[in-house]
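Raw contents of my_file-v5.cif, mmCIF, C-alpha atoms:
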data_data
#
loop_
_atom_site.label_atom_id
_atom_site.label_comp_id
_atom_site.auth_asym_id
_atom_site.auth_seq_id
_atom_site.Cartn_x
_atom_site.Cartn_y
_atom_site.Cartn_z
CA MET A 116 30.44 -135.67 36.29
CA ALA A 117 31.78 -136.61 39.62
CA GLU A 118 29.51 -136.77 42.62
CA PRO A 119 30.38 -134.46 45.52
CA HIS A 120 31.76 -136.15 48.61
CA SER A 121 29.21 -136.59 51.35
CA THR A 122 30.17 -135.32 54.81
CA HIS A 123 27.55 -137.55 56.39
CA GLN A 124 29.14 -140.52 58.23
CA ALA A 125 27.37 -143.76 58.91
CA GLY A 126 28.19 -143.82 62.71
CA PRO A 127 25.75 -143.85 65.63
CA ARG A 128 23.38 -140.93 65.75
CA LEU A 129 23.18 -138.75 68.83
CA THR A 130 19.56 -138.83 69.87
CA GLY A 131 17.71 -137.44 72.86
CA TRP A 132 17.67 -140.89 74.49
CA MET A 133 21.45 -141.20 74.10
CA VAL A 134 21.98 -137.79 75.75
CA LEU A 135 19.70 -138.86 78.61
CA LEU A 136 21.64 -142.13 79.07
CA TYR A 137 24.99 -140.27 79.08
CA LEU A 138 23.71 -137.80 81.69
CA LEU A 139 22.32 -140.58 83.89
CA ALA A 140 25.58 -142.55 83.63
CA PHE A 141 27.67 -139.46 84.46
CA PHE A 142 25.65 -138.52 87.53
CA GLY A 143 25.38 -142.18 88.59
CA ILE A 144 29.19 -142.47 88.60
CA VAL A 145 29.55 -139.18 90.53
CA MET A 146 27.01 -140.30 93.15
CA GLY A 147 28.65 -143.74 93.42
CA VAL A 148 32.09 -142.23 94.03
CA ASN A 149 30.62 -139.78 96.56
CA GLY A 150 28.91 -142.67 98.36
CA VAL A 151 32.18 -144.60 98.61
CA MET A 152 34.02 -141.50 99.89
CA ILE A 153 31.32 -140.79 102.51
CA TYR A 154 31.40 -144.41 103.70
CA GLU A 155 35.21 -144.39 104.00
CA ALA A 156 35.20 -141.06 105.85
CA LEU A 157 32.58 -142.15 108.37
CA SER A 158 34.02 -145.61 108.96
CA THR A 159 37.54 -144.33 109.71
CA MET A 160 36.66 -141.35 111.91
CA ARG A 161 33.40 -140.84 113.72
CA GLY A 162 34.04 -137.13 114.12
CA VAL A 163 33.06 -137.26 117.80
CA ASP A 164 35.62 -135.97 120.27
CA THR A 165 33.42 -136.23 123.34
CA GLU A 166 30.37 -138.35 123.99
CA SER A 167 28.32 -135.44 125.35
CA ALA A 168 29.35 -131.87 124.63
CA TYR A 169 26.61 -130.66 126.95
CA GLN A 170 27.99 -132.62 129.92
CA ALA A 171 31.55 -131.53 129.07
CA GLY A 172 30.38 -127.90 129.12
CA ARG A 173 28.69 -128.37 132.48
CA MET A 174 31.89 -129.86 133.93
CA PHE A 175 34.10 -127.02 132.67
CA GLU A 176 34.15 -125.04 135.93
CA GLN A 177 34.97 -128.18 137.89
CA ASP A 178 37.81 -128.98 135.45
CA VAL A 179 39.22 -125.46 135.85
CA ALA A 180 39.16 -125.83 139.65
CA MET A 181 40.96 -129.19 139.41
CA VAL A 182 43.67 -127.67 137.19
CA LYS A 183 44.18 -124.78 139.61
CA ALA A 184 44.45 -127.18 142.57
CA GLN A 185 46.92 -129.33 140.62
CA ASP A 186 49.07 -126.29 139.78
CA ALA A 187 49.05 -125.22 143.43
CA ARG A 188 50.55 -128.58 144.50
CA HIS A 189 53.65 -128.04 142.31
CA TRP A 190 54.12 -131.75 141.79
CA GLN A 191 56.96 -132.91 139.56
CA VAL A 192 55.87 -135.85 137.43
CA GLU A 193 58.32 -137.21 134.88
CA ALA A 194 57.38 -139.82 132.30
CA LYS A 195 59.64 -141.85 130.04
CA LEU A 196 58.48 -144.01 127.17
CA MET A 197 60.93 -146.67 126.02
CA PRO A 198 60.85 -149.97 124.15
CA GLY A 199 60.14 -152.91 126.44
CA SER A 200 59.80 -156.67 126.15
CA ASP A 201 56.07 -156.54 125.33
CA GLY A 202 55.75 -153.30 123.39
CA MET A 203 56.39 -149.88 124.89
CA ARG A 204 57.17 -149.41 128.59
CA LEU A 205 55.96 -146.26 130.33
CA GLU A 206 57.81 -145.25 133.49
CA VAL A 207 56.52 -142.46 135.71
CA LEU A 208 58.36 -140.83 138.62
CA ALA A 209 56.19 -138.64 140.87
CA ARG A 210 57.49 -136.19 143.48
CA ASP A 211 55.84 -133.49 145.55
CA GLU A 212 56.92 -129.84 145.77
CA ALA A 213 59.71 -130.65 148.26
CA GLY A 214 61.05 -133.47 146.07
CA ARG A 215 59.68 -136.33 148.20
CA VAL A 216 58.32 -139.31 146.28
CA LEU A 217 54.55 -139.71 146.09
CA THR A 218 53.58 -143.19 147.25
CA GLY A 219 50.27 -144.96 147.55
CA MET A 220 48.76 -143.27 144.51
CA ALA A 221 46.43 -145.01 142.08
CA ALA A 222 48.06 -144.28 138.74
CA SER A 223 46.79 -144.98 135.25
CA ALA A 224 47.72 -144.01 131.75
CA SER A 225 46.09 -144.12 128.38
CA PHE A 226 47.45 -143.84 124.89
CA GLU A 227 44.97 -142.02 122.67
CA ARG A 228 45.13 -141.69 118.91
CA PRO A 229 44.30 -138.09 117.90
CA THR A 230 42.63 -139.31 114.72
CA ASP A 231 40.80 -142.45 115.79
CA ARG A 232 39.41 -143.02 119.30
CA GLY A 233 38.80 -146.66 118.39
CA LEU A 234 42.55 -147.36 118.71
CA ASP A 235 42.93 -145.91 122.23
CA ARG A 236 44.67 -148.10 124.80
CA ALA A 237 44.30 -147.75 128.58
CA ILE A 238 46.93 -149.25 130.87
CA ALA A 239 47.20 -149.57 134.62
CA LEU A 240 50.40 -148.33 136.17
CA SER A 241 51.79 -150.33 139.08
CA GLU A 242 54.11 -148.94 141.72
CA ASP A 243 57.31 -151.00 141.57
CA SER A 244 59.22 -148.82 144.07
CA PRO A 245 58.19 -145.75 146.09
CA GLY A 246 57.04 -143.03 143.70
CA ARG A 247 57.92 -145.07 140.57
CA TYR A 248 55.09 -146.41 138.45
CA HIS A 249 55.28 -148.44 135.26
CA GLY A 250 53.08 -150.12 132.67
CA GLN A 251 53.28 -151.82 129.27
CA ALA A 252 51.36 -151.15 126.06
CA ASN A 253 51.46 -152.56 122.55
CA LEU A 254 51.46 -149.55 120.24
CA VAL A 255 51.76 -149.08 116.50
CA PRO A 256 53.94 -146.29 115.13
CA GLY A 257 52.38 -142.85 114.77
CA GLN A 258 51.16 -139.97 116.90
CA TRP A 259 49.76 -140.70 120.35
CA ASP A 260 48.50 -138.55 123.21
CA VAL A 261 49.78 -139.93 126.52
CA VAL A 262 47.35 -139.16 129.34
CA ILE A 263 48.65 -139.82 132.86
CA ALA A 264 46.26 -139.65 135.81
CA MET A 265 47.02 -140.06 139.51
CA SER A 266 44.44 -140.20 142.26
CA ARG A 267 44.27 -140.78 145.98
CA GLN A 268 41.18 -142.21 147.69
CA GLY A 269 39.15 -141.83 144.52
CA GLN A 270 39.95 -138.14 144.05
CA GLN A 271 41.96 -137.19 140.99
CA MET A 272 45.05 -135.30 142.09
CA PHE A 273 47.05 -135.07 138.86
CA ARG A 274 46.38 -135.29 135.12
CA SER A 275 48.62 -134.54 132.17
CA LYS A 276 48.32 -134.98 128.43
CA ASN A 277 51.32 -134.95 126.11
CA ARG A 278 51.77 -135.82 122.44
CA VAL A 279 54.45 -138.31 121.41
CA VAL A 280 55.45 -139.65 118.01
CA LEU A 281 56.49 -143.30 117.80
CA LYS A 282 58.56 -144.48 114.86
#

Please go through the file and, once you have read it, give me the structure as structure tokens.
Amino acid sequence: MAEPHSTHQAGPRLTGWMVLLYLLAFFGIVMGVNGVMIYEALSTMRGVDTESAYQAGRMFEQDVAMVKAQDARHWQVEAKLMPGSDGMRLEVLARDEAGRVLTGMAASASFERPTDRGLDRAIALSEDSPGRYHGQANLVPGQWDVVIAMSRQGQQMFRSKNRVVLK
């Protein structure tokens, strides 16, 4: 007579300890990947848009009053961003409501990355002719918010923020 074929194979047996090791390895890998993802997310973007939301909230009424005063002046401020010898050249032409150039202003600009405040660049604008201000900045391609501020005797008179895309 022939012996029946045995369905029992001589491979490794699945024991309780093996199941425990598989579960620990699975969850260890999941936690390791989550840890790497959390580290990368926090190191590339802090998630903070303002240093103190409380202080920004307290200054809201003052900001609204400054915007209303700026609108009432009807200033015409034009900005052009073009390639220059040392990066990008920002040129600003400022005129009052009657079209007269605005001279003697302290002008500044900053280029802010919407996704990473660590890459922001502030530049001083110098007046090269009456009402014409310029400055240079080394910028990498991508989206930037251009913030232009003009003040007289320490009081901010004008502020604008516009998004540009550099290629």

Long-range neighbours of segment 146-160 of chain A as a PDB file with C-alpha atoms, in the coordinates of the input, 9 Å cut-off, all atoms listed in the file, 3 positions minimum in chain:
ATOM      1  CA  PHE A 141      27.670-139.460  84.460  1.00  0.00           C
ATOM      2  CA  PHE A 142      25.650-138.520  87.530  1.00  0.00           C
ATOM      3  CA  GLY A 143      25.380-142.180  88.590  1.00  0.00           C
ATOM      4  CA  VAL A 163      33.060-137.260 117.800  1.00  0.00           C
ATOM      5  CA  THR A 230      42.630-139.310 114.720  1.00  0.00           C
ATOM      6  CA  ASP A 231      40.800-142.450 115.790  1.00  0.00           C
ATOM      7  CA  ARG A 232      39.410-143.020 119.300  1.00  0.00           C
ATOM      8  CA  GLY A 233      38.800-146.660 118.390  1.00  0.00           C
TER       9      GLY A 233
END

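Comparing A:Asp178, A:Glu193, A:Glu166, A:Glu212 by their smallest distance to Gln271 of chain A, the closest is A:Asp178 (using all atoms listed in the file).
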
Item checked: Point (45.8, -137.9, 139.7), cut-off 10 Å, counting all atoms listed in the file, residues as a PyMOL selection string -> chain A and resi 181+185+220-223+263-267+269-275

Expressed in Å, the length from atom CA of Ser241 of chain A to atom CA of Val179 of chain A is 28.1 Å

| request: Go through the shown structure with the PyMOL selection byres ((chain A and resi 244-255) around 7) and write out the matching residues as a ChimeraX atom specification. | output: /A:201-210,216-218,238-243,256-257

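The space between atom CA of Glu227 of chain A and atom CA of Leu281 of chain A spans 12.6 Å.
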
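Across the model, the gap from atom CA of Asp211 of chain A to atom CA of Arg188 of chain A is 7.3 Å.
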
List the residues sitting within 12 Å of (52.4, -137.1, 122.3) in the file's frame, using all atoms listed in the file, as a PyMOL selection string. chain A and resi 194-196+225-229+256-263+275-281
